[in-house]
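Next comes structure-v1.cif, a file with mmCIF, C-alpha atoms and all ligand atoms; chains and numbers go by the auth columns.
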data_protein
#
loop_
_atom_site.group_PDB
_atom_site.id
_atom_site.type_symbol
_atom_site.label_atom_id
_atom_site.label_comp_id
_atom_site.label_asym_id
_atom_site.label_seq_id
_atom_site.Cartn_x
_atom_site.Cartn_y
_atom_site.Cartn_z
_atom_site.B_iso_or_equiv
_atom_site.auth_seq_id
_atom_site.auth_asym_id
ATOM 1 C CA MET A 1 32.187 -0.224 -1.109 0.00 1 A
ATOM 2 C CA GLY A 2 31.975 -3.809 0.004 0.00 2 A
ATOM 3 C CA GLY A 3 33.501 -5.452 2.978 0.00 3 A
ATOM 4 C CA ARG A 4 31.063 -4.426 5.631 0.00 4 A
ATOM 5 C CA SER A 5 28.533 -6.845 6.915 0.00 5 A
ATOM 6 C CA ALA A 6 24.987 -6.227 5.867 0.00 6 A
ATOM 7 C CA ARG A 7 22.392 -5.149 8.343 0.00 7 A
ATOM 8 C CA ILE A 8 20.197 -8.002 7.389 0.00 8 A
ATOM 9 C CA ALA A 9 20.858 -11.583 6.592 0.00 9 A
ATOM 10 C CA VAL A 10 21.075 -11.575 2.861 0.00 10 A
ATOM 11 C CA LYS A 11 22.354 -14.642 1.201 0.00 11 A
ATOM 12 C CA SER A 12 21.592 -13.859 -2.373 0.00 12 A
ATOM 13 C CA ILE A 13 23.720 -10.790 -2.897 0.00 13 A
ATOM 14 C CA GLY A 14 26.181 -11.340 -5.642 0.00 14 A
ATOM 15 C CA GLU A 15 25.196 -14.937 -6.029 0.00 15 A
ATOM 16 C CA GLU A 16 24.217 -16.310 -9.330 0.00 16 A
ATOM 17 C CA ILE A 17 20.519 -16.667 -9.659 0.00 17 A
ATOM 18 C CA GLN A 18 18.880 -19.370 -11.631 0.00 18 A
ATOM 19 C CA MET A 19 17.537 -17.830 -14.774 0.00 19 A
ATOM 20 C CA GLY A 20 14.212 -19.235 -15.825 0.00 20 A
ATOM 21 C CA ASN A 21 13.203 -19.796 -12.248 0.00 21 A
ATOM 22 C CA TRP A 22 11.280 -17.825 -9.733 0.00 22 A
ATOM 23 C CA LEU A 23 13.141 -15.011 -8.135 0.00 23 A
ATOM 24 C CA ILE A 24 14.088 -15.752 -4.570 0.00 24 A
ATOM 25 C CA CYS A 25 13.349 -13.091 -2.002 0.00 25 A
ATOM 26 C CA PRO A 26 16.713 -11.877 -0.738 0.00 26 A
ATOM 27 C CA LEU A 27 15.212 -11.149 2.651 0.00 27 A
ATOM 28 C CA CYS A 28 13.568 -14.420 3.563 0.00 28 A
ATOM 29 C CA GLY A 29 14.943 -16.711 0.887 0.00 29 A
ATOM 30 C CA ARG A 30 11.566 -17.889 -0.370 0.00 30 A
ATOM 31 C CA LYS A 31 10.212 -17.861 -3.854 0.00 31 A
ATOM 32 C CA THR A 32 8.425 -14.739 -5.010 0.00 32 A
ATOM 33 C CA LYS A 33 5.897 -14.381 -7.783 0.00 33 A
ATOM 34 C CA ILE A 34 8.456 -12.818 -10.048 0.00 34 A
ATOM 35 C CA ARG A 35 9.996 -15.045 -12.649 0.00 35 A
ATOM 36 C CA ILE A 36 13.435 -14.450 -14.024 0.00 36 A
ATOM 37 C CA LEU A 37 13.944 -15.111 -17.688 0.00 37 A
ATOM 38 C CA PRO A 38 17.245 -15.843 -19.352 0.00 38 A
ATOM 39 C CA GLU A 39 19.129 -12.644 -20.139 0.00 39 A
ATOM 40 C CA MET A 40 16.541 -10.643 -18.287 0.00 40 A
ATOM 41 C CA VAL A 41 17.740 -7.411 -16.755 0.00 41 A
ATOM 42 C CA LEU A 42 16.093 -5.619 -13.889 0.00 42 A
ATOM 43 C CA LEU A 43 17.200 -2.217 -12.720 0.00 43 A
ATOM 44 C CA HIS A 44 15.888 -0.834 -9.451 0.00 44 A
ATOM 45 C CA PHE A 45 12.951 -3.175 -9.477 0.00 45 A
ATOM 46 C CA PRO A 46 10.679 -2.951 -6.434 0.00 46 A
ATOM 47 C CA LEU A 47 10.376 -6.569 -5.470 0.00 47 A
ATOM 48 C CA TYR A 48 7.542 -7.150 -3.065 0.00 48 A
ATOM 49 C CA CYS A 49 7.598 -10.356 -1.123 0.00 49 A
ATOM 50 C CA SER A 50 4.229 -11.623 0.025 0.00 50 A
ATOM 51 C CA ARG A 51 5.909 -13.918 2.518 0.00 51 A
ATOM 52 C CA CYS A 52 7.766 -11.394 4.617 0.00 52 A
ATOM 53 C CA LYS A 53 5.580 -8.528 3.404 0.00 53 A
ATOM 54 C CA LYS A 54 8.497 -6.309 2.620 0.00 54 A
ATOM 55 C CA GLU A 55 9.580 -4.493 -0.441 0.00 55 A
ATOM 56 C CA VAL A 56 13.147 -4.414 -1.534 0.00 56 A
ATOM 57 C CA VAL A 57 14.571 -2.667 -4.547 0.00 57 A
ATOM 58 C CA ILE A 58 16.805 -4.971 -6.509 0.00 58 A
ATOM 59 C CA SER A 59 18.739 -5.085 -9.698 0.00 59 A
ATOM 60 C CA VAL A 60 19.450 -8.200 -11.682 0.00 60 A
ATOM 61 C CA VAL A 61 22.253 -7.888 -14.164 0.00 61 A
ATOM 62 C CA GLY A 62 24.253 -10.693 -15.656 0.00 62 A
ATOM 63 C CA ASN A 63 22.628 -13.356 -13.498 0.00 63 A
ATOM 64 C CA LYS A 64 23.622 -11.476 -10.361 0.00 64 A
ATOM 65 C CA LEU A 65 21.214 -10.155 -7.822 0.00 65 A
ATOM 66 C CA LYS A 66 21.994 -6.859 -6.180 0.00 66 A
ATOM 67 C CA ILE A 67 20.002 -5.153 -3.502 0.00 67 A
ATOM 68 C CA GLU A 68 19.667 -1.427 -3.957 0.00 68 A
ATOM 69 C CA THR A 69 17.926 -0.734 -0.697 0.00 69 A
ATOM 70 C CA PRO A 70 18.660 -3.253 2.053 0.00 70 A
ATOM 71 C CA GLU A 71 15.608 -2.447 4.096 0.00 71 A
ATOM 72 C CA ALA A 72 12.853 0.128 4.177 0.00 72 A
HETATM 73 ZN ZN ZN B . 10.618 -12.350 1.647 0.00 101 A
#

Would you mind writing the file's structure down as structure tokens?
Amino acid sequence: MGGRSARIAVKSIGEEIQMGNWLICPLCGRKTKIRILPEMVLLHFPLYCSRCKKEVVISVVGNKLKIETPEA
């Protein structure tokens, strides 16, 4: 289903995230208050970013961040 450009500027899709560090908001690229642990798996997690005040549903599997809902 890939190939099309996203509606928003997302730079973290499919990129490896740094386990053990704070999760980076895929919308604004800043650190959130969610910490990713090694081998942690998130499925359809509602990540709320206090910086851009938006919520985005993400999944983190195998060190990869995936956005389930690009924008509300
Ligand atoms: Zn944000």

Contacts with ligand ZN 101 (chain A) at most 9 Å, only C-alpha atoms and all ligand atoms counted, listed as a PyMOL selection string:
chain A and resi 24-32+48-56

Generate the output file for the selected residues, C-alpha atoms, as an mmCIF file, in the frame of the given file.
data_model
loop_
_atom_site.group_PDB
_atom_site.id
_atom_site.type_symbol
_atom_site.label_atom_id
_atom_site.label_comp_id
_atom_site.auth_asym_id
_atom_site.auth_seq_id
_atom_site.Cartn_x
_atom_site.Cartn_y
_atom_site.Cartn_z
ATOM 1 C CA ILE A 24 14.088 -15.752 -4.570
ATOM 2 C CA CYS A 25 13.349 -13.091 -2.002
ATOM 3 C CA PRO A 26 16.713 -11.877 -0.738
ATOM 4 C CA LEU A 27 15.212 -11.149 2.651
ATOM 5 C CA CYS A 28 13.568 -14.420 3.563
ATOM 6 C CA GLY A 29 14.943 -16.711 0.887
ATOM 7 C CA ARG A 30 11.566 -17.889 -0.370
ATOM 8 C CA LYS A 31 10.212 -17.861 -3.854
ATOM 9 C CA THR A 32 8.425 -14.739 -5.010
ATOM 10 C CA TYR A 48 7.542 -7.150 -3.065
ATOM 11 C CA CYS A 49 7.598 -10.356 -1.123
ATOM 12 C CA SER A 50 4.229 -11.623 0.025
ATOM 13 C CA ARG A 51 5.909 -13.918 2.518
ATOM 14 C CA CYS A 52 7.766 -11.394 4.617
ATOM 15 C CA LYS A 53 5.580 -8.528 3.404
ATOM 16 C CA LYS A 54 8.497 -6.309 2.620
ATOM 17 C CA GLU A 55 9.580 -4.493 -0.441
ATOM 18 C CA VAL A 56 13.147 -4.414 -1.534
#

Nearby residues (all atoms listed in the file) at most 7 Å from Ile34 of chain A, same-chain spacing under 2 positions excluded, as a list in words
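Contacts, in chain order: Trp22, Leu23, Thr32 and Ile36 of chain A.
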
Quick check, in Å to one decimal: how far apart do atom CA of Val41 of chain A and atom CA of Val61 of chain A lie?
5.2 Å

Which residues come within 12 Å of Leu42 of chain A, counting only C-alpha atoms, excluding same-chain residues fewer than 6 positions away, as a count of residues only?
16
